[in-house]
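Peer 1: Have a look at this one before I ask anything.
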Amino acid sequence: MSAKKETALPEFVFSIDLNLCSGCYACVVACKQENNLAPDVDDVPGSQGPNWIKLQKVVLVSGEEKENPVVFVPLMCNHCKNSACVSGCPTGATYYSDKGMVCFDEEKCVGCKFCVMACPYQIRSFDPKKKVGSKCQLCLPRLAEGKKPRCVETCPAGARTFEWVSEEKGDEKTVASETMTRIPGNRESEPSVDYRYRRKKKR
Amino acid sequence: MELPLVEIKKSFCRICDTYCGINMHVREGTLVKVEGMKEHPLNQGSLCAKGNAGVQIMYSPQRLNFPLKRVGERGQGKWAVITWDEALATIAGKFQELKKRYGAWALAWDQGRGPVPPHYARLMNLYGTPNGVSRAHICHIPRIINYKHTFGGYPIADVTHSRLSIQWGAHRPYSSAGSLRPYSDALKRGITLIVIDPMMTSMAAKADLWLQVRPGTDGALALSMIQVIIAENLYDRAFVAQWTVGFDGLAAESNKYPPDVAEKITGVPAEKIRQAARLYASMKPASIDLGNGIDDHTNTSQAIRAISCLIAISGNVDVKGGNLLVPMLALKDIALWDAIPSSEMSKRTGGGKYPLLENHQRMTSFPYLIHAVLRDEPYAAKALMVMKGNPMATLANTALVEQALRKLEFIVVYELTMSDTANLADIVLPAGGLYESKELYLYQAHTFYYSSSLPPYLLMSDPVPHHMERRSEFETLFGLAEHLGLKDQFWNGDIEKSFDEQLIPLGVTVKDLKEHPSGIAIPVAEKERKYETSGFATPSKKVEIYSETYEKHGYPPTPVYEEPEESPISQPETAKEYPFILASRRNPLYVHSGYRWVPVLREGEGGPTVLINPETAGMLGISEGEEVTLESKRGDCTVIATLSPGVHPKVLHVLHGWSGAGNINRLTDNTHLDPIVSCCPLKSSLCRVVKKKKREDVG
């Protein structure tokens, strides 16, 4: 287990192309199935169980009233390089792996929910039955087998990519072109997940 | 503790009609995970929300696990668990009794969605009834039939090579997520995208041009685009001259709908109509994907015909990147349609009313059958068998459907859960298809779901052991065949032998498919412009803008536009009381009436809703999350208001397929149908919104 890093340098690049995402919910369900997350709360149909991906529907304001484009943002843990939940966790249950992912050790969790409160994206989950936190771990067991995270494999639109980068490359990442907008924007936490959106010029 | 090893079984998902390849992880006979199959050419390892919920679907406590016999009043919900032997013997006995008392015609049989194996038709045809019904009035078959009579085949959008794509009443991320990849690739390489949809969908949000068309007016829009293309001389003169019949009539008809006129009908600004027409005609190659949004109106057939003619004059017929007429492979047809005695054929309910539907599907119209039963028409069905269908949720005018079903003497339903239709049955059979059945599937680009740039592909699923007493469609049909004395016509009970017979034309065997569990690609020679050597498979050998077949049957031979039966323009008096257009919609979590009982899917959309424009809601004093009642001349439903800016102020969108009070089909009409295919107006009729009255405090 790594010591807490001041600035973690992830050895991976995770990007989501919001120009392709259609809000189909596949990643949400696949993640829940892969990680055995409860489907609802106490069998109340339609209630929300813990979700490591929270699908948001964002309406972008444009000049034309009737045609505000809709963008779906499948918000996930951003494995922040300057993570509030890592620095805030009293027991070290939330920590950086040596590959730069923000990981979670259930056994060390005392259920204080500070991570839930601290996360600027409100993406940290809490398992109401086990009374401990839960979070995306980028499908570490799958990565160990040479596979991609479940959400990346399952996306029907092919909108999600996960790549390892070699350490020698330093902090070089895949290209973010000038026309792209990052959603969500929170510079302080330095998210590692890159949500890319390019506004289309309507004819 | 070491868990026993997981075995991977290759299969295909059957929740929607895409049939994505899947890997089923099985541990000691239990399904523990479902994932997309990476090597499958269609979905390439991806899998939608529904597919990913496979384990919950397999073992849901809502699933039927034992054959049931009704012991109370019909619909009371009182059942006795019986054995399969008793169930099949009862069913067979009843069928034979009906045949003796009335004739084979008295048994109607419904196939919902599938795949429904041709063995079902075979059984019913051997039994001798001409009264098969399907989902032609709801989905897809209207396109198949109207395309066939125009092009002699199904013109599949070859989007992989298109410069421009029109998505018309189609929202693939919801209806066929597994087939999305070519569309994502097209978006990445910068395809020009036009979306024609009453609602701002996720595809419309990505479009270069979005036409917010009034539901049911697509025919007028198509004719107007044709008018622009002809007037501005943008059509393919050479192709039209050499390979079409009826252009002049089309030109004349389209002149009635210049963009300024079409704007008043469709609500789409004239300038956008011109833009769409010019883009489609000039950016070649261009393709059109037509979806279910077109299928559910009283004027559906003419709309599809008009859009077909738009394709016909555009220069995109049977070319790479246009709408390709992909050559069709076929499994051997084992349905034995000719086994129905001619004496019974004349007793088809509504026989002769929808001849093109009958000729294509060899079936009759389900909505018509409902009326026939209610009116006690001669040869109206006395009994009904339903496999994988749910008319109580999906047929228009639920109240009349229920009345008709309750008049029947005997109902058998094969289903996953106790649906509203199953609840009215005498015998309910627990469906063990999906992950539990060995089944063949031939993928090819003959409809919406498979890309024309992929070779045909054959797959045979490797099943998970049955849960409890469930049986597959095949096991059920073979068992029933045996009880009806038809075992010798059913391969003496050998299901795989029937597959081998089906496979004969492809030169592949069940043994080959077992040795290649991921599937076998069947290379075919790709050719565009096949018509240059063999013409089109129509009577005139050309693209029939003017259809003699339609004329012969008394239908307009050139596409015309007629208002939907119940619209603000066709029934202005009704519209005063019922000012909103009621349209049904889809979501990516459910398929028609299915899967609401899956908790992880239910999380995504928990109950019946109505999407309502925020300004409209404001004017009516309705807030987000408020319970409202929608009323039509037929009935009402109760839904939760969801404010949605992407929705037209005068249109309400309700997810179809809920049972009970939230069922949109309590409002829809089934008396005025599309005259050619009997489509029900599930997406264009009139309604009003009533705020739920506050319950009086008691005591």
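Ligands are numbered from 1 in the order shown, residues from 1 within each chain, and chains are lettered A, B, ... in the order they appear in the structure tokens.
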As a list in words, list the residues of stretch 508-597 of chain B assigned to alpha helix (DSSP H) by DSSP on the backbone atoms of this structure.

Peer 2: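 So the alpha helix (DSSP H) residues in stretch 508-597 of chain B would be Val510, Lys511, Asp512, Leu513, Lys514, Glu515, Tyr531, Glu532, Thr533, Ser534, Glu548, Thr549, Tyr550, Glu551, Lys552, Pro572, Glu573, Thr574, Ala575, Lys576 and Glu577 of chain B.
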
Peer 1: Would you export the selected residues with N, CA and C atoms as a short mmCIF file (atom, residue, chain, number, x, y, z; two decimals), in the first residue's frame, please?

Peer 2:
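Written output follows (out-v2.cif):
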data_model
loop_
_atom_site.label_atom_id
_atom_site.label_comp_id
_atom_site.auth_asym_id
_atom_site.auth_seq_id
_atom_site.Cartn_x
_atom_site.Cartn_y
_atom_site.Cartn_z
N VAL B 510 -24.99 -27.94 -37.28
CA VAL B 510 -24.98 -27.71 -35.84
C VAL B 510 -23.60 -28.09 -35.28
N LYS B 511 -23.03 -29.16 -35.80
CA LYS B 511 -21.70 -29.58 -35.35
C LYS B 511 -20.68 -28.48 -35.60
N ASP B 512 -20.74 -27.85 -36.77
CA ASP B 512 -19.81 -26.73 -37.06
C ASP B 512 -19.99 -25.61 -36.05
N LEU B 513 -21.24 -25.32 -35.74
CA LEU B 513 -21.51 -24.20 -34.83
C LEU B 513 -21.07 -24.52 -33.41
N LYS B 514 -21.14 -25.80 -33.04
CA LYS B 514 -20.63 -26.20 -31.72
C LYS B 514 -19.12 -26.04 -31.66
N GLU B 515 -18.47 -26.32 -32.80
CA GLU B 515 -17.01 -26.20 -32.85
C GLU B 515 -16.57 -24.73 -32.93
N TYR B 531 -29.03 -3.84 -59.40
CA TYR B 531 -30.15 -3.71 -60.32
C TYR B 531 -29.69 -3.63 -61.78
N GLU B 532 -28.44 -3.23 -61.96
CA GLU B 532 -27.96 -3.12 -63.35
C GLU B 532 -27.92 -4.47 -64.03
N THR B 533 -27.73 -5.53 -63.23
CA THR B 533 -27.76 -6.87 -63.85
C THR B 533 -29.11 -7.53 -63.70
N SER B 534 -29.77 -7.34 -62.53
CA SER B 534 -30.98 -8.13 -62.32
C SER B 534 -32.25 -7.31 -62.11
N GLU B 548 -48.32 -0.50 -58.95
CA GLU B 548 -49.53 -1.11 -59.50
C GLU B 548 -50.18 -2.03 -58.49
N THR B 549 -49.33 -2.65 -57.67
CA THR B 549 -49.85 -3.53 -56.63
C THR B 549 -50.78 -2.75 -55.71
N TYR B 550 -50.35 -1.54 -55.31
CA TYR B 550 -51.18 -0.73 -54.43
C TYR B 550 -52.46 -0.33 -55.14
N GLU B 551 -52.33 0.00 -56.39
CA GLU B 551 -53.51 0.42 -57.14
C GLU B 551 -54.52 -0.70 -57.22
N LYS B 552 -54.02 -1.91 -57.47
CA LYS B 552 -54.88 -3.09 -57.59
C LYS B 552 -55.68 -3.31 -56.31
N PRO B 572 -60.45 19.35 -35.35
CA PRO B 572 -60.27 20.57 -34.55
C PRO B 572 -61.24 20.66 -33.37
N GLU B 573 -62.45 20.09 -33.53
CA GLU B 573 -63.41 20.13 -32.42
C GLU B 573 -62.91 19.29 -31.26
N THR B 574 -62.41 18.09 -31.58
CA THR B 574 -61.84 17.24 -30.53
C THR B 574 -60.66 17.94 -29.87
N ALA B 575 -59.87 18.64 -30.70
CA ALA B 575 -58.66 19.28 -30.18
C ALA B 575 -58.98 20.41 -29.21
N LYS B 576 -60.20 20.94 -29.28
CA LYS B 576 -60.56 21.99 -28.32
C LYS B 576 -60.62 21.41 -26.91
N GLU B 577 -61.12 20.17 -26.83
CA GLU B 577 -61.20 19.53 -25.51
C GLU B 577 -59.93 18.76 -25.16
#

Peer 1: Show me, as a PyMOL selection string, every residue of chain B with an atom at most 6 Å from chain A, counting only C-alpha atoms.

Peer 2: chain B and resi 46-49+52+177-178+180-181+184+202+205+208+588+599-600+602-603+606

Peer 1: Please write the residues from the selection above to a file, keeping C-alpha atoms, as a PDB file, in the first residue's frame.

Peer 2:
ATOM      1  CA  SER B  46     -20.176  -3.807 -25.729  1.00  0.00           C
ATOM      2  CA  LEU B  47     -23.510  -4.464 -24.070  1.00  0.00           C
ATOM      3  CA  CYS B  48     -26.390  -2.209 -23.150  1.00  0.00           C
ATOM      4  CA  ALA B  49     -27.945  -1.621 -19.744  1.00  0.00           C
ATOM      5  CA  ASN B  52     -25.793  -6.176 -18.425  1.00  0.00           C
ATOM      6  CA  ALA B 177     -27.470   0.076 -28.620  1.00  0.00           C
ATOM      7  CA  GLY B 178     -25.436  -2.932 -29.775  1.00  0.00           C
ATOM      8  CA  LEU B 180     -24.284   1.794 -32.427  1.00  0.00           C
ATOM      9  CA  ARG B 181     -20.583   1.438 -33.283  1.00  0.00           C
ATOM     10  CA  SER B 184     -20.083   6.431 -33.411  1.00  0.00           C
ATOM     11  CA  SER B 202     -29.453  12.358 -27.653  1.00  0.00           C
ATOM     12  CA  ALA B 205     -28.432  16.825 -29.740  1.00  0.00           C
ATOM     13  CA  ASP B 208     -26.082  19.297 -37.562  1.00  0.00           C
ATOM     14  CA  PRO B 588     -32.803   2.390 -23.007  1.00  0.00           C
ATOM     15  CA  PRO B 599     -34.368  -3.587  -9.979  1.00  0.00           C
ATOM     16  CA  VAL B 600     -31.140  -2.307 -11.511  1.00  0.00           C
ATOM     17  CA  ARG B 602     -35.910   0.226 -12.591  1.00  0.00           C
ATOM     18  CA  GLU B 603     -33.432   2.544 -10.880  1.00  0.00           C
ATOM     19  CA  GLY B 606     -38.815   4.026 -11.795  1.00  0.00           C
TER      20      GLY B 606
END

Peer 1: Please list as a list in words every residue within 9 Å of B:Phe239, counting only C-alpha atoms and excluding residues in the same chain fewer than 6 positions away.

Peer 2: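 The residues that qualify are Ala312, Ile313, Ser314, Gly315 and Val317 of chain B.
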
Peer 1: Between B:Gly662, B:Gly594, B:Pro559, B:Pro455, single out the one closest to B:Met418, counting only C-alpha atoms.

Peer 2: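 Nearest to B:Met418: B:Gly594.
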
Peer 1: Which residue out of A:Tyr121, A:Ser15, A:Ser83, A:Val102 has the minimum interatomic distance to A:Cys136 when only C-alpha atoms are used?

Peer 2: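 Ranking A:Tyr121, A:Ser15, A:Ser83, A:Val102 by distance to A:Cys136, first place goes to A:Val102.
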